[in-house]
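One file, run-v1.txt, is given below (compact mmCIF, C-alpha atoms).
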# COMPACT_ATOMS: atom_id res chain seq x y z
CA MET T 1 186.71 119.30 65.71
CA ARG T 2 186.02 122.84 64.58
CA THR T 3 184.62 124.91 61.76
CA ILE T 4 186.79 128.00 61.42
CA THR T 5 189.68 129.44 63.38
CA PRO T 6 190.02 133.20 62.84
CA VAL T 7 193.22 135.21 62.59
CA ARG T 8 194.80 136.15 65.91
CA VAL T 9 196.71 139.40 66.27
CA ARG T 10 198.07 139.77 69.83
CA GLN T 11 201.18 141.93 69.76
CA PHE T 12 200.80 145.33 71.36
CA LEU T 13 199.34 146.74 74.59
CA SER T 14 198.02 150.27 74.92
CA PRO T 15 198.69 152.32 78.08
CA ALA T 16 194.93 152.56 78.58
CA LEU T 17 194.60 148.78 78.60
CA ILE T 18 197.46 148.41 81.08
CA THR T 19 195.76 150.94 83.38
CA LEU T 20 192.41 149.18 83.06
CA VAL T 21 193.82 145.76 83.92
CA ALA T 22 195.76 147.16 86.87
CA LEU T 23 192.58 148.83 88.12
CA LEU T 24 190.68 145.56 87.93
CA VAL T 25 193.34 143.88 90.06
CA ALA T 26 193.18 146.68 92.57
CA LEU T 27 189.40 146.39 92.79
CA TYR T 28 189.76 142.64 93.21
CA ALA T 29 192.04 143.25 96.19
CA LEU T 30 189.36 145.39 97.84
CA THR T 31 186.77 142.61 97.63
CA PRO T 32 186.87 139.99 100.40
CA PRO T 33 186.88 136.39 99.19
CA ALA T 34 183.62 134.45 99.26
CA THR T 35 185.28 131.55 101.05
CA ALA T 36 188.89 130.53 101.35
CA ARG T 37 188.33 127.31 99.43
CA ALA T 38 186.16 128.95 96.80
CA ILE T 39 189.08 130.91 95.36
CA GLY T 40 192.10 129.06 96.69
CA HIS T 41 194.68 128.02 94.10
CA GLN T 42 194.11 124.36 94.90
CA VAL T 43 190.39 124.05 94.26
CA GLN T 44 190.61 123.46 90.53
CA THR T 45 189.16 120.10 89.52
CA PRO T 46 191.23 118.90 86.56
CA PHE T 47 189.71 116.85 83.79
CA ALA T 48 191.00 113.29 84.04
CA GLY T 49 194.28 112.74 82.23
CA ILE T 50 194.64 116.27 80.84
CA SER T 51 198.13 117.74 81.13
CA PRO T 52 198.51 121.51 81.54
CA PHE T 53 201.05 121.51 78.68
CA GLY T 54 198.99 122.01 75.54
CA ILE T 55 199.43 123.54 72.10
CA GLY T 56 197.30 125.10 69.38
CA GLY T 57 197.46 125.96 65.70
CA ASP T 58 195.76 128.47 63.42
CA TYR T 59 193.58 128.24 60.33
CA HIS T 60 196.55 127.51 58.06
CA THR T 61 198.80 125.38 60.25
CA GLY T 62 195.88 123.26 61.41
CA LEU T 63 193.75 123.10 58.27
CA THR T 64 194.78 119.66 56.98
CA VAL T 65 196.58 116.53 58.09
CA GLN T 66 199.39 117.54 55.76
CA ALA T 67 199.69 120.87 57.56
CA LEU T 68 199.64 119.23 60.99
CA SER T 69 202.26 116.68 59.94
CA GLN T 70 204.80 119.50 59.58
CA TRP T 71 204.87 120.31 63.28
CA ILE T 72 202.87 117.85 65.42
CA PRO T 73 205.74 115.30 65.54
CA GLN T 74 208.00 117.99 67.03
CA MET T 75 205.39 118.66 69.71
CA GLN T 76 205.08 114.97 70.51
CA ALA T 77 208.88 114.72 70.73
CA ILE T 78 209.02 117.05 73.76
CA GLY T 79 206.00 115.58 75.52
CA ILE T 80 203.10 117.75 74.37
CA HIS T 81 199.99 115.58 74.14
CA VAL T 82 197.10 118.09 74.20
CA MET T 83 195.86 119.93 71.09
CA ARG T 84 193.18 122.58 71.39
CA CYS T 85 190.92 121.37 68.56
CA CYS T 86 190.92 119.74 65.17
CA TYR T 87 188.78 118.82 62.17
CA ALA T 88 187.02 115.47 61.90
CA ASN T 89 189.44 114.17 59.27
CA GLU T 90 192.40 114.94 61.56
CA MET T 91 191.32 112.90 64.56
CA ALA T 92 192.91 109.64 63.42
CA TYR T 93 196.23 111.37 62.72
CA LEU T 94 196.32 113.09 66.12
CA THR T 95 195.29 109.92 67.92
CA ALA T 96 198.14 108.05 66.23
CA HIS T 97 200.50 110.71 67.60
CA ARG T 98 199.12 110.31 71.13
CA MET T 99 197.44 113.72 71.08
CA GLN T 100 194.28 114.49 73.02
CA PHE T 101 192.09 117.10 71.35
CA GLY T 102 188.97 119.12 71.94
CA GLY T 103 186.36 120.60 69.62
CA LEU T 104 185.38 124.14 68.70
CA LEU T 105 181.70 124.83 67.98
CA TYR T 106 181.91 128.00 65.95
CA GLY T 107 180.34 129.65 62.92
CA VAL T 108 177.03 130.03 61.14
CA PRO T 109 175.81 126.53 60.16
CA PRO T 110 175.62 125.57 56.48
CA GLY T 111 172.18 126.34 55.09
CA ASP T 112 171.37 129.00 57.70
CA THR T 113 170.13 131.93 55.61
CA LYS T 114 168.85 133.93 58.57
CA ASP T 115 172.23 134.76 60.09
CA ARG T 116 175.13 136.58 58.49
CA PRO T 117 178.67 135.14 58.60
CA GLY T 118 180.62 136.58 61.51
CA THR T 119 177.61 136.68 63.81
CA LEU T 120 176.11 134.46 66.46
CA PRO T 121 173.39 132.34 64.76
CA VAL T 122 170.60 133.43 67.10
CA ASN T 123 168.02 133.89 64.34
CA ASN T 124 168.00 130.18 63.57
CA LEU T 125 168.73 128.34 66.81
CA ARG T 126 167.13 125.22 65.37
CA ALA T 127 169.76 125.07 62.60
CA TRP T 128 172.50 125.74 65.15
CA SER T 129 171.26 122.95 67.43
CA GLN T 130 170.98 120.52 64.55
CA TRP T 131 174.50 121.34 63.40
CA VAL T 132 175.86 120.82 66.93
CA THR T 133 174.06 117.49 67.09
CA ARG T 134 175.60 116.34 63.81
CA THR T 135 179.05 117.58 64.77
CA VAL T 136 179.12 115.89 68.18
CA ARG T 137 177.66 112.70 66.74
CA ALA T 138 180.30 112.65 63.97
CA ALA T 139 183.04 112.71 66.63
CA HIS T 140 181.90 109.26 67.83
CA GLY T 141 182.79 110.07 71.42
CA LYS T 142 186.43 110.89 70.57
CA VAL T 143 185.95 114.54 71.54
CA LYS T 144 184.99 115.14 75.15
CA TYR T 145 185.61 118.88 75.43
CA TRP T 146 183.59 121.28 73.29
CA GLU T 147 184.37 124.99 73.36
CA VAL T 148 181.42 127.15 72.29
CA TRP T 149 182.66 129.94 70.00
CA ASN T 150 186.11 131.50 69.79
CA GLU T 151 186.73 134.27 72.34
CA PRO T 152 183.38 136.12 72.20
CA PRO T 153 182.45 138.91 71.78
CA ASN T 154 185.06 138.62 69.02
CA GLY T 155 183.51 136.98 65.98
CA THR T 156 180.01 138.16 66.87
CA GLY T 157 177.72 140.77 65.36
CA ARG T 158 178.30 144.44 66.06
CA HIS T 159 175.15 144.79 68.12
CA GLN T 160 175.05 141.29 69.58
CA THR T 161 175.17 140.97 73.33
CA PRO T 162 176.13 138.46 76.04
CA ALA T 163 172.45 137.46 76.03
CA ASP T 164 172.84 136.37 72.40
CA TYR T 165 175.86 134.27 73.28
CA ALA T 166 173.89 132.75 76.15
CA LYS T 167 171.32 131.54 73.62
CA ILE T 168 173.81 129.63 71.51
CA LEU T 169 175.61 128.35 74.63
CA ILE T 170 172.36 126.91 76.02
CA ALA T 171 171.38 125.41 72.69
CA ALA T 172 174.85 123.88 72.21
CA TYR T 173 174.86 122.48 75.74
CA ASN T 174 171.46 120.83 75.33
CA ALA T 175 172.22 119.45 71.86
CA ALA T 176 175.68 118.11 72.72
CA LYS T 177 174.57 116.52 75.99
CA ALA T 178 171.69 114.80 74.22
CA VAL T 179 174.23 113.03 71.99
CA ASP T 180 176.98 112.50 74.58
CA PRO T 181 175.88 113.09 78.19
CA HIS T 182 179.46 112.81 79.40
CA CYS T 183 180.96 115.48 77.14
CA LYS T 184 182.01 118.83 78.63
CA ILE T 185 180.89 122.23 77.34
CA GLY T 186 183.16 125.27 77.59
CA MET T 187 181.86 128.82 78.02
CA ALA T 188 184.28 131.22 76.33
CA ALA T 189 185.38 134.84 76.51
CA LYS T 190 188.12 136.93 74.94
CA SER T 191 191.10 137.88 77.10
CA VAL T 192 189.87 137.65 80.72
CA ASP T 193 186.51 139.33 80.17
CA VAL T 194 184.92 138.32 83.46
CA SER T 195 182.17 140.92 83.01
CA TYR T 196 181.11 139.27 79.75
CA LEU T 197 180.98 135.85 81.40
CA GLU T 198 178.94 137.28 84.26
CA GLN T 199 176.40 138.77 81.87
CA VAL T 200 176.14 135.48 79.95
CA ILE T 201 175.38 133.60 83.15
CA LYS T 202 172.80 136.16 84.22
CA ALA T 203 171.17 135.95 80.77
CA GLY T 204 170.47 132.23 81.19
CA GLY T 205 173.85 130.56 80.82
CA LYS T 206 173.82 129.42 84.43
CA ASN T 207 174.42 125.66 84.73
CA HIS T 208 174.95 125.35 80.96
CA PHE T 209 178.73 124.98 80.99
CA ASN T 210 181.29 122.64 82.52
CA TYR T 211 184.42 124.73 82.12
CA ILE T 212 185.53 128.24 81.14
CA THR T 213 188.03 129.23 78.45
CA LEU T 214 190.08 132.44 78.39
CA HIS T 215 192.64 133.98 75.98
CA PRO T 216 194.78 136.28 78.17
CA TYR T 217 197.33 137.56 75.65
CA GLU T 218 197.17 141.09 77.01
CA VAL T 219 197.37 139.94 80.61
CA LEU T 220 200.49 137.90 79.95
CA GLY T 221 201.90 140.99 78.26
CA CYS T 222 201.23 142.96 81.44
CA ALA T 223 203.45 140.53 83.34
CA VAL T 224 206.26 140.13 80.81
CA ASP T 225 206.47 143.69 79.49
CA HIS T 226 205.40 145.70 82.53
CA GLY T 227 206.22 143.54 85.55
CA GLN T 228 202.58 143.09 86.54
CA ASP T 229 202.86 139.41 87.45
CA ALA T 230 200.15 139.84 90.07
CA VAL T 231 197.66 140.70 87.32
CA TYR T 232 198.23 137.34 85.63
CA MET T 233 198.07 135.51 88.96
CA HIS T 234 194.61 136.93 89.71
CA MET T 235 192.80 135.53 86.67
CA VAL T 236 191.39 132.36 88.23
CA PRO T 237 190.67 133.90 91.65
CA THR T 238 188.71 136.69 89.94
CA VAL T 239 186.68 134.21 87.89
CA ARG T 240 185.93 132.22 91.03
CA LYS T 241 184.78 135.30 92.92
CA MET T 242 182.36 136.09 90.12
CA LEU T 243 181.05 132.51 90.10
CA ALA T 244 180.73 132.43 93.88
CA ALA T 245 178.52 135.51 93.69
CA ILE T 246 176.15 134.53 90.85
CA ASP T 247 176.55 130.80 90.14
CA PRO T 248 177.98 129.19 93.31
CA ALA T 249 177.28 125.65 92.13
CA GLN T 250 179.88 126.22 89.38
CA VAL T 251 182.50 127.96 91.52
CA ASN T 252 185.08 125.21 91.01
CA VAL T 253 184.64 124.55 87.29
CA PRO T 254 187.94 124.12 85.43
CA VAL T 255 189.47 127.14 83.74
CA TRP T 256 191.44 126.60 80.50
CA LEU T 257 193.60 128.96 78.51
CA THR T 258 192.77 127.65 75.06
CA GLU T 259 194.94 130.41 73.62
CA VAL T 260 197.76 132.45 75.07
CA GLY T 261 201.04 133.42 73.48
CA TYR T 262 203.74 136.00 72.95
CA ASN T 263 205.32 137.41 69.81
CA SER T 264 208.91 136.33 69.10
CA VAL T 265 209.67 139.76 67.60
CA PRO T 266 211.79 141.53 68.60
CA SER T 267 213.14 138.91 71.02
CA PRO T 268 212.77 135.12 70.74
CA ALA T 269 214.38 134.88 74.19
CA ARG T 270 211.66 137.06 75.68
CA GLN T 271 209.03 134.85 74.09
CA ALA T 272 210.61 131.90 75.92
CA ASP T 273 210.59 133.86 79.20
CA ALA T 274 206.90 134.56 78.66
CA LEU T 275 206.16 130.88 78.05
CA VAL T 276 207.83 129.77 81.29
CA GLN T 277 206.03 132.45 83.29
CA ALA T 278 202.68 131.66 81.64
CA TYR T 279 202.86 127.99 82.59
CA ALA T 280 204.40 128.43 86.05
CA MET T 281 201.89 131.05 87.17
CA GLY T 282 199.05 129.35 85.31
CA ILE T 283 199.57 125.96 86.94
CA ALA T 284 200.08 127.66 90.31
CA GLN T 285 196.64 129.29 90.18
CA GLY T 286 194.95 126.06 89.13
CA ILE T 287 194.50 126.38 85.36
CA THR T 288 193.71 122.94 83.95
CA CYS T 289 195.33 123.28 80.53
CA ILE T 290 197.24 125.99 78.66
CA ASN T 291 197.20 125.69 74.86
CA TRP T 292 200.17 127.83 73.84
CA PHE T 293 199.55 129.74 70.64
CA GLU T 294 201.10 128.39 68.62
CA GLY T 295 203.10 125.38 67.49
CA MET T 296 204.37 126.79 64.19
CA ASP T 297 204.25 130.28 62.64
CA GLY T 298 201.10 130.67 60.58
CA ASP T 299 198.60 133.39 59.80
CA SER T 300 199.28 135.49 62.93
CA GLY T 301 202.95 136.29 62.52
CA PRO T 302 205.95 134.92 64.44
CA MET T 303 204.03 133.46 67.38
CA GLY T 304 205.14 129.83 67.05
CA VAL T 305 207.60 127.85 69.12
CA LEU T 306 208.77 126.76 65.66
CA THR T 307 209.43 129.18 62.81
CA ALA T 308 207.64 128.82 59.46
CA LYS T 309 210.71 126.86 58.34
CA LEU T 310 210.34 124.55 61.37
CA THR T 311 213.39 125.91 63.18
CA PRO T 312 212.94 125.62 66.97
CA ARG T 313 212.90 128.88 68.89
CA PRO T 314 214.08 129.18 72.51
CA ALA T 315 210.42 128.86 73.52
CA TYR T 316 210.40 125.31 72.14
CA THR T 317 213.42 124.43 74.25
CA ALA T 318 211.85 126.10 77.28
CA MET T 319 208.67 124.07 76.88
CA ALA T 320 210.72 120.90 76.59
CA GLN T 321 212.60 121.66 79.81
CA MET T 322 209.43 122.42 81.76
CA ILE T 323 207.84 119.13 80.71
CA LYS T 324 211.06 117.19 81.30
CA TYR T 325 211.44 118.34 84.89
CA MET T 326 207.88 119.16 85.94
CA GLY T 327 206.29 116.13 84.27
CA GLN T 328 202.87 115.83 82.66
CA HIS T 329 200.98 116.52 85.89
CA PRO T 330 202.95 118.85 88.18
CA VAL T 331 201.45 119.47 91.62
CA TYR T 332 201.64 123.01 92.94
CA LEU T 333 203.11 123.10 96.45
CA GLY T 334 203.23 126.84 97.11
CA TRP T 335 205.09 130.11 96.58
CA VAL T 336 208.17 131.78 98.03
CA LEU T 337 209.87 135.14 97.82
CA LEU T 338 213.55 134.38 97.33
CA ALA T 339 215.76 136.90 99.10
CA GLY T 340 212.50 138.58 100.11
CA LYS T 341 211.83 139.91 96.61
CA ASP T 342 212.15 137.32 93.80
CA TYR T 343 209.16 135.30 92.61
CA GLY T 344 209.26 131.54 93.07
CA PHE T 345 206.73 128.73 92.60
CA VAL T 346 207.44 125.24 93.90
CA PHE T 347 206.00 122.10 92.30
CA GLN T 348 206.20 118.39 92.78
CA GLY T 349 207.59 117.38 89.42
CA ALA T 350 208.02 114.13 87.57
CA HIS T 351 210.70 112.80 89.91
CA THR T 352 211.45 115.49 92.47
CA THR T 353 210.57 119.02 93.52
CA VAL T 354 211.04 121.87 91.04
CA LEU T 355 211.24 125.61 91.65
CA SER T 356 210.43 128.06 88.86
CA ALA T 357 211.83 131.49 89.74
CA TRP T 358 212.65 134.90 88.29
CA ALA T 359 213.35 138.41 89.54
CA PRO T 360 211.05 141.40 89.07
CA LEU T 361 211.41 143.16 85.74
CA HIS T 362 214.64 145.16 85.24
CA THR T 363 216.23 143.81 88.43
CA THR T 364 218.97 141.32 89.25
CA ASN T 365 219.33 139.90 92.73
CA PRO T 366 221.71 137.40 94.37
CA VAL T 367 219.88 134.31 95.65
CA ARG T 368 221.49 131.85 98.09
CA PHE T 369 220.10 128.33 98.37
CA GLY T 370 222.03 127.12 101.43
CA ARG T 371 223.54 124.20 99.53
CA ALA T 372 224.53 123.29 96.00
CA VAL T 373 221.50 122.91 93.74
CA GLU T 374 220.99 121.97 90.11
CA ILE T 375 219.91 124.99 88.07
CA VAL T 376 218.28 124.47 84.67
CA HIS T 377 218.32 127.28 82.12
CA PRO T 378 215.05 126.74 80.21
CA LEU T 379 216.04 128.71 77.11
CA THR T 380 219.01 126.47 76.38
CA GLY T 381 218.52 123.33 78.46
CA ALA T 382 221.97 123.85 80.03
CA THR T 383 222.40 122.93 83.71
CA THR T 384 224.77 124.21 86.36
CA LYS T 385 225.36 123.42 90.02
CA ALA T 386 225.77 126.28 92.44
CA ARG T 387 225.02 127.39 95.99
CA SER T 388 223.96 130.84 94.81
CA PHE T 389 222.78 132.51 91.62
CA SER T 390 222.39 136.01 90.25
CA LEU T 391 218.71 135.91 89.36
CA GLY T 392 217.28 138.21 86.70
CA SER T 393 213.96 138.43 84.89
CA THR T 394 214.81 135.37 82.78
CA PRO T 395 213.28 132.40 84.63
CA ILE T 396 215.29 129.44 85.90
CA LEU T 397 214.27 126.00 87.13
CA VAL T 398 215.82 124.55 90.27
CA VAL T 399 215.48 120.79 90.72
CA HIS T 400 215.78 118.97 94.05
CA VAL T 401 214.65 122.13 95.84
CA PRO T 402 216.17 122.59 99.32
CA GLY T 403 213.86 121.39 102.08
CA ALA T 404 213.67 124.80 103.74
CA VAL T 405 212.38 126.37 100.52
CA VAL T 406 209.78 123.62 100.06
CA ARG T 407 208.58 124.03 103.65
CA GLU T 408 208.28 127.79 103.20
CA ALA T 409 206.32 127.29 99.97
CA ARG T 410 203.90 124.86 101.62
CA LYS T 411 203.35 127.31 104.46
CA ASN T 412 202.61 130.12 102.00
CA LYS T 413 200.37 128.17 99.63
CA PHE T 414 197.05 129.59 100.79
CA LYS T 415 198.34 133.02 101.77
CA PRO T 416 197.71 136.07 99.58
CA LEU T 417 200.57 136.90 97.24
CA PRO T 418 202.26 140.01 98.67
CA TRP T 419 203.98 141.26 95.53
CA GLU T 420 201.98 144.44 95.02
CA GLY T 421 201.19 144.99 98.69
CA SER T 422 197.99 144.26 100.60
CA TYR T 423 194.86 146.31 99.91
CA ALA T 424 192.61 144.20 102.13
CA ARG T 425 191.84 147.13 104.47
CA ALA T 426 191.88 149.89 101.88
CA LYS T 427 188.74 151.95 101.36
CA SER T 428 189.67 153.17 97.88
CA VAL T 429 192.31 152.73 95.19
CA SER T 430 193.62 155.42 92.84
CA ILE T 431 195.83 154.86 89.80
CA THR T 432 197.76 157.69 88.17
This entry written out as structure tokens:
Amino acid sequence: MRTITPVRVRQFLSPALITLVALLVALYALTPPATARAIGHQVQTPFAGISPFGIGGDYHTGLTVQALSQWIPQMQAIGIHVMRCCYANEMAYLTAHRMQFGGLLYGVPPGDTKDRPGTLPVNNLRAWSQWVTRTVRAAHGKVKYWEVWNEPPNGTGRHQTPADYAKILIAAYNAAKAVDPHCKIGMAAKSVDVSYLEQVIKAGGKNHFNYITLHPYEVLGCAVDHGQDAVYMHMVPTVRKMLAAIDPAQVNVPVWLTEVGYNSVPSPARQADALVQAYAMGIAQGITCINWFEGMDGDSGPMGVLTAKLTPRPAYTAMAQMIKYMGQHPVYLGWVLLAGKDYGFVFQGAHTTVLSAWAPLHTTNPVRFGRAVEIVHPLTGATTKARSFSLGSTPILVVHVPGAVVREARKNKFKPLPWEGSYARAKSVSIT
């Protein structure tokens, strides 16, 4: 359940932002890990029964049952069974369509005259707590995952701080747990704002959350548009390093991407590439669930896997192929560099092993598999059999992965990814 879902505009990256994100990755590389298991890709503790393949909607496409009924059946048809959040009157409809759903605790409560709309309701925490109590109680135990606010500091007051968010997080945690002790509370941040999360924890949020939610639109853009795949792959390890330093008891809490997406303009095919990369690299680093934004075009432009007229885009087909071959609960086995340069992630899929692979941006490289393999083209669903393939930046899936590749992936699983080189012994990093 939720109150309001604001407009999302996630289309363009500035050079300054690209430089900043790259710098953060470089600084991460200079910092030794707290423990190998504290940041390893396998330490994520998934919530029972949750598939990583999720979907989300916006204020318009998710406002009513009638709105949902336009596109939810198409999601169910390809095996998507996780919806980010919904309203109370939509729970029965989603349940009938075998959809799991969370809740979004967001907005100034009705009757709160002390806080302005668009701010954190810190001036009337009693009203906030009472509203959370009513909301969780009204869900009758059908919602187990409650996200507190939508990507703060977005949607907060101009001068409000992480300490203000900590206040509503603590109040929501205490109120929700009093109604349903088994529910889970999500601490949120825009993009991958680890600094914001750190400040919230230091301001009192420690031990008042059960999972973390991120919205890494810009970070996915770094990978797809600028070839910075390593930036995307460092999201969870960076969060875990922060937790290990200031809240070690929570170091292994699940991390969800409750929103991430890519604009279909100018290229629907590139949107599909982005989707495959987002899920392959996300699952590989231990993200519990990725709610792709969004199912159908709505108030944020052409972001949907379906157009506003319900026409499937290549991203819809790509999602279907990933679920078909990887299954609802793929198990990450490890990574490989095909031909010494091309990115590959190996999973135990629904029935056999699956390799998701692509070449670095603007390159094409011949890859030899040693025997004939089945190659799936996610954007179309077409399959071919071949001993070799000219691999470009458009991802492919390989099913029944050769044993040598699987063994190499297993051996590499806990090794650092070498794509951008090793900075483990560097004393400084400069970016020009």
Using all atoms listed in the file, which residues of stretch 46-102 of chain T come within 12 Å of stretch 268-284 of chain T, and what is the closest atom pair for each, with the distance in Å to one decimal? Give it as a tab-separated table, sorted by chain and residue number.
residue	atom	partner	partner_atom	distance
T:Pro46	CA	T:Ile283	CA	10.9
T:Ser51	CA	T:Ile283	CA	10.2
T:Pro52	CA	T:Ile283	CA	7.1
T:Phe53	CA	T:Tyr279	CA	7.8
T:Gly54	CA	T:Tyr279	CA	10.0
T:Ile55	CA	T:Leu275	CA	11.6
Restrict the selected residues to C-alpha atoms and save them as an mmCIF file, keeping the file's coordinate frame.
data_model
loop_
_atom_site.group_PDB
_atom_site.id
_atom_site.type_symbol
_atom_site.label_atom_id
_atom_site.label_comp_id
_atom_site.auth_asym_id
_atom_site.auth_seq_id
_atom_site.Cartn_x
_atom_site.Cartn_y
_atom_site.Cartn_z
ATOM 1 C CA PRO T 46 191.230 118.900 86.560
ATOM 2 C CA SER T 51 198.130 117.740 81.130
ATOM 3 C CA PRO T 52 198.510 121.510 81.540
ATOM 4 C CA PHE T 53 201.050 121.510 78.680
ATOM 5 C CA GLY T 54 198.990 122.010 75.540
ATOM 6 C CA ILE T 55 199.430 123.540 72.100
#
Distance query 9 Å from (212.1, 129.9, 71.3) using all atoms listed in the file, result as a ChimeraX atom specification
/T:264,268-273,304-307,312-319,379
Between atom CA of T:Leu243 and atom CA of T:Ile201, what is the distance in Å, rounded to a tenth?
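Computing the Euclidean distance for atom CA of T:Leu243 and atom CA of T:Ile201 yields 9.0 Å.
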How many Å lie between atom CA of T:Ala88 and atom CA of T:Pro216, rounded to one decimal?
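Interatomic distance here is 27.5 Å.
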Could you check how far atom CA of T:Lys415 sits from atom CA of T:Gly286, in Å to one decimal?
14.8 Å
Could you pull the residues within 7 Å of stretch 345-355 of chain T, counting all atoms listed in the file, minus those fewer than 3 positions along the same chain, as an mmCIF file with C-alpha atoms, in the coordinates of the input?
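Once everything was written out, this is result.cif:
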data_model
loop_
_atom_site.group_PDB
_atom_site.id
_atom_site.type_symbol
_atom_site.label_atom_id
_atom_site.label_comp_id
_atom_site.auth_asym_id
_atom_site.auth_seq_id
_atom_site.Cartn_x
_atom_site.Cartn_y
_atom_site.Cartn_z
ATOM 1 C CA ALA T 280 204.400 128.430 86.050
ATOM 2 C CA TYR T 325 211.440 118.340 84.890
ATOM 3 C CA MET T 326 207.880 119.160 85.940
ATOM 4 C CA GLY T 327 206.290 116.130 84.270
ATOM 5 C CA PRO T 330 202.950 118.850 88.180
ATOM 6 C CA VAL T 331 201.450 119.470 91.620
ATOM 7 C CA TYR T 332 201.640 123.010 92.940
ATOM 8 C CA LEU T 333 203.110 123.100 96.450
ATOM 9 C CA GLY T 334 203.230 126.840 97.110
ATOM 10 C CA TRP T 335 205.090 130.110 96.580
ATOM 11 C CA VAL T 336 208.170 131.780 98.030
ATOM 12 C CA LEU T 397 214.270 126.000 87.130
ATOM 13 C CA VAL T 398 215.820 124.550 90.270
ATOM 14 C CA VAL T 399 215.480 120.790 90.720
ATOM 15 C CA HIS T 400 215.780 118.970 94.050
ATOM 16 C CA VAL T 401 214.650 122.130 95.840
ATOM 17 C CA VAL T 406 209.780 123.620 100.060
ATOM 18 C CA ALA T 409 206.320 127.290 99.970
#
Compare T:Met83, T:Ile78, T:Val373, T:Ile168 by their minimum atom-to-atom distance to T:Glu294, counting all atoms listed in the file, and give me the closest one.
T:Met83
Please provide as a count of residues only all residues within 10 Å of T:Tyr343, with the sequence filter that same-chain residues fewer than 3 positions apart are discarded (counting all atoms listed in the file).
17
Could you give me the centre and size, in Å to one decimal, of an axis-aligned box around all listed atoms of stretch 383-397 of chain T with 3 Å added on every side, as JSON?
{"center_x": 219.5, "center_y": 130.7, "center_z": 89.4, "size_x": 18.5, "size_y": 21.5, "size_z": 19.2}
Taking 3 positions as the minimum chain separation for residues in the same chain, which residues sit within 7 Å of stretch 183-200 of chain T when counting all atoms listed in the file? Answer as a PyMOL selection string.
chain T and resi 144-154+162-163+165-166+173+177+180+203-205+209-218+235+239+242
Given only C-alpha atoms as the counted atoms, nearest of T:Gly107, T:Pro378, T:Gly344, T:Gly261 to T:Phe293:
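Going through T:Gly107, T:Pro378, T:Gly344, T:Gly261 one by one, the smallest distance to T:Phe293 is for T:Gly261.
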Given the choices T:Met322, T:Pro402, T:Tyr93, T:His226, which gets closest to T:His377 if the distance is worked out from only C-alpha atoms?
T:Met322
How would stretch 249-261 of chain T read, as a short mmCIF file (atom, residue, chain, number, x, y, z; two decimals), in the coordinates of the input, once N, CA and C atoms are built in?
data_model
loop_
_atom_site.label_atom_id
_atom_site.label_comp_id
_atom_site.auth_asym_id
_atom_site.auth_seq_id
_atom_site.Cartn_x
_atom_site.Cartn_y
_atom_site.Cartn_z
N ALA T 249 177.15 127.08 92.42
CA ALA T 249 177.28 125.65 92.13
C ALA T 249 178.42 125.37 91.17
N GLN T 250 178.83 126.38 90.40
CA GLN T 250 179.88 126.22 89.38
C GLN T 250 181.20 126.85 89.81
N VAL T 251 181.34 127.18 91.08
CA VAL T 251 182.50 127.96 91.52
C VAL T 251 183.82 127.27 91.24
N ASN T 252 183.83 125.95 91.19
CA ASN T 252 185.08 125.21 91.01
C ASN T 252 185.24 124.62 89.62
N VAL T 253 184.48 125.10 88.64
CA VAL T 253 184.64 124.55 87.29
C VAL T 253 186.06 124.81 86.79
N PRO T 254 186.60 123.91 85.98
CA PRO T 254 187.94 124.12 85.43
C PRO T 254 188.02 125.38 84.57
N VAL T 255 189.17 126.00 84.60
CA VAL T 255 189.47 127.14 83.74
C VAL T 255 190.62 126.74 82.82
N TRP T 256 190.43 126.92 81.51
CA TRP T 256 191.44 126.60 80.50
C TRP T 256 191.87 127.88 79.81
N LEU T 257 193.13 127.95 79.44
CA LEU T 257 193.60 128.96 78.51
C LEU T 257 193.74 128.27 77.17
N THR T 258 192.70 128.34 76.34
CA THR T 258 192.77 127.65 75.06
C THR T 258 193.59 128.43 74.03
N GLU T 259 193.94 129.66 74.37
CA GLU T 259 194.94 130.41 73.62
C GLU T 259 195.65 131.36 74.57
N VAL T 260 196.95 131.38 74.50
CA VAL T 260 197.76 132.45 75.07
C VAL T 260 199.12 132.34 74.40
N GLY T 261 199.76 133.46 74.17
CA GLY T 261 201.04 133.42 73.48
C GLY T 261 201.74 134.75 73.56
#
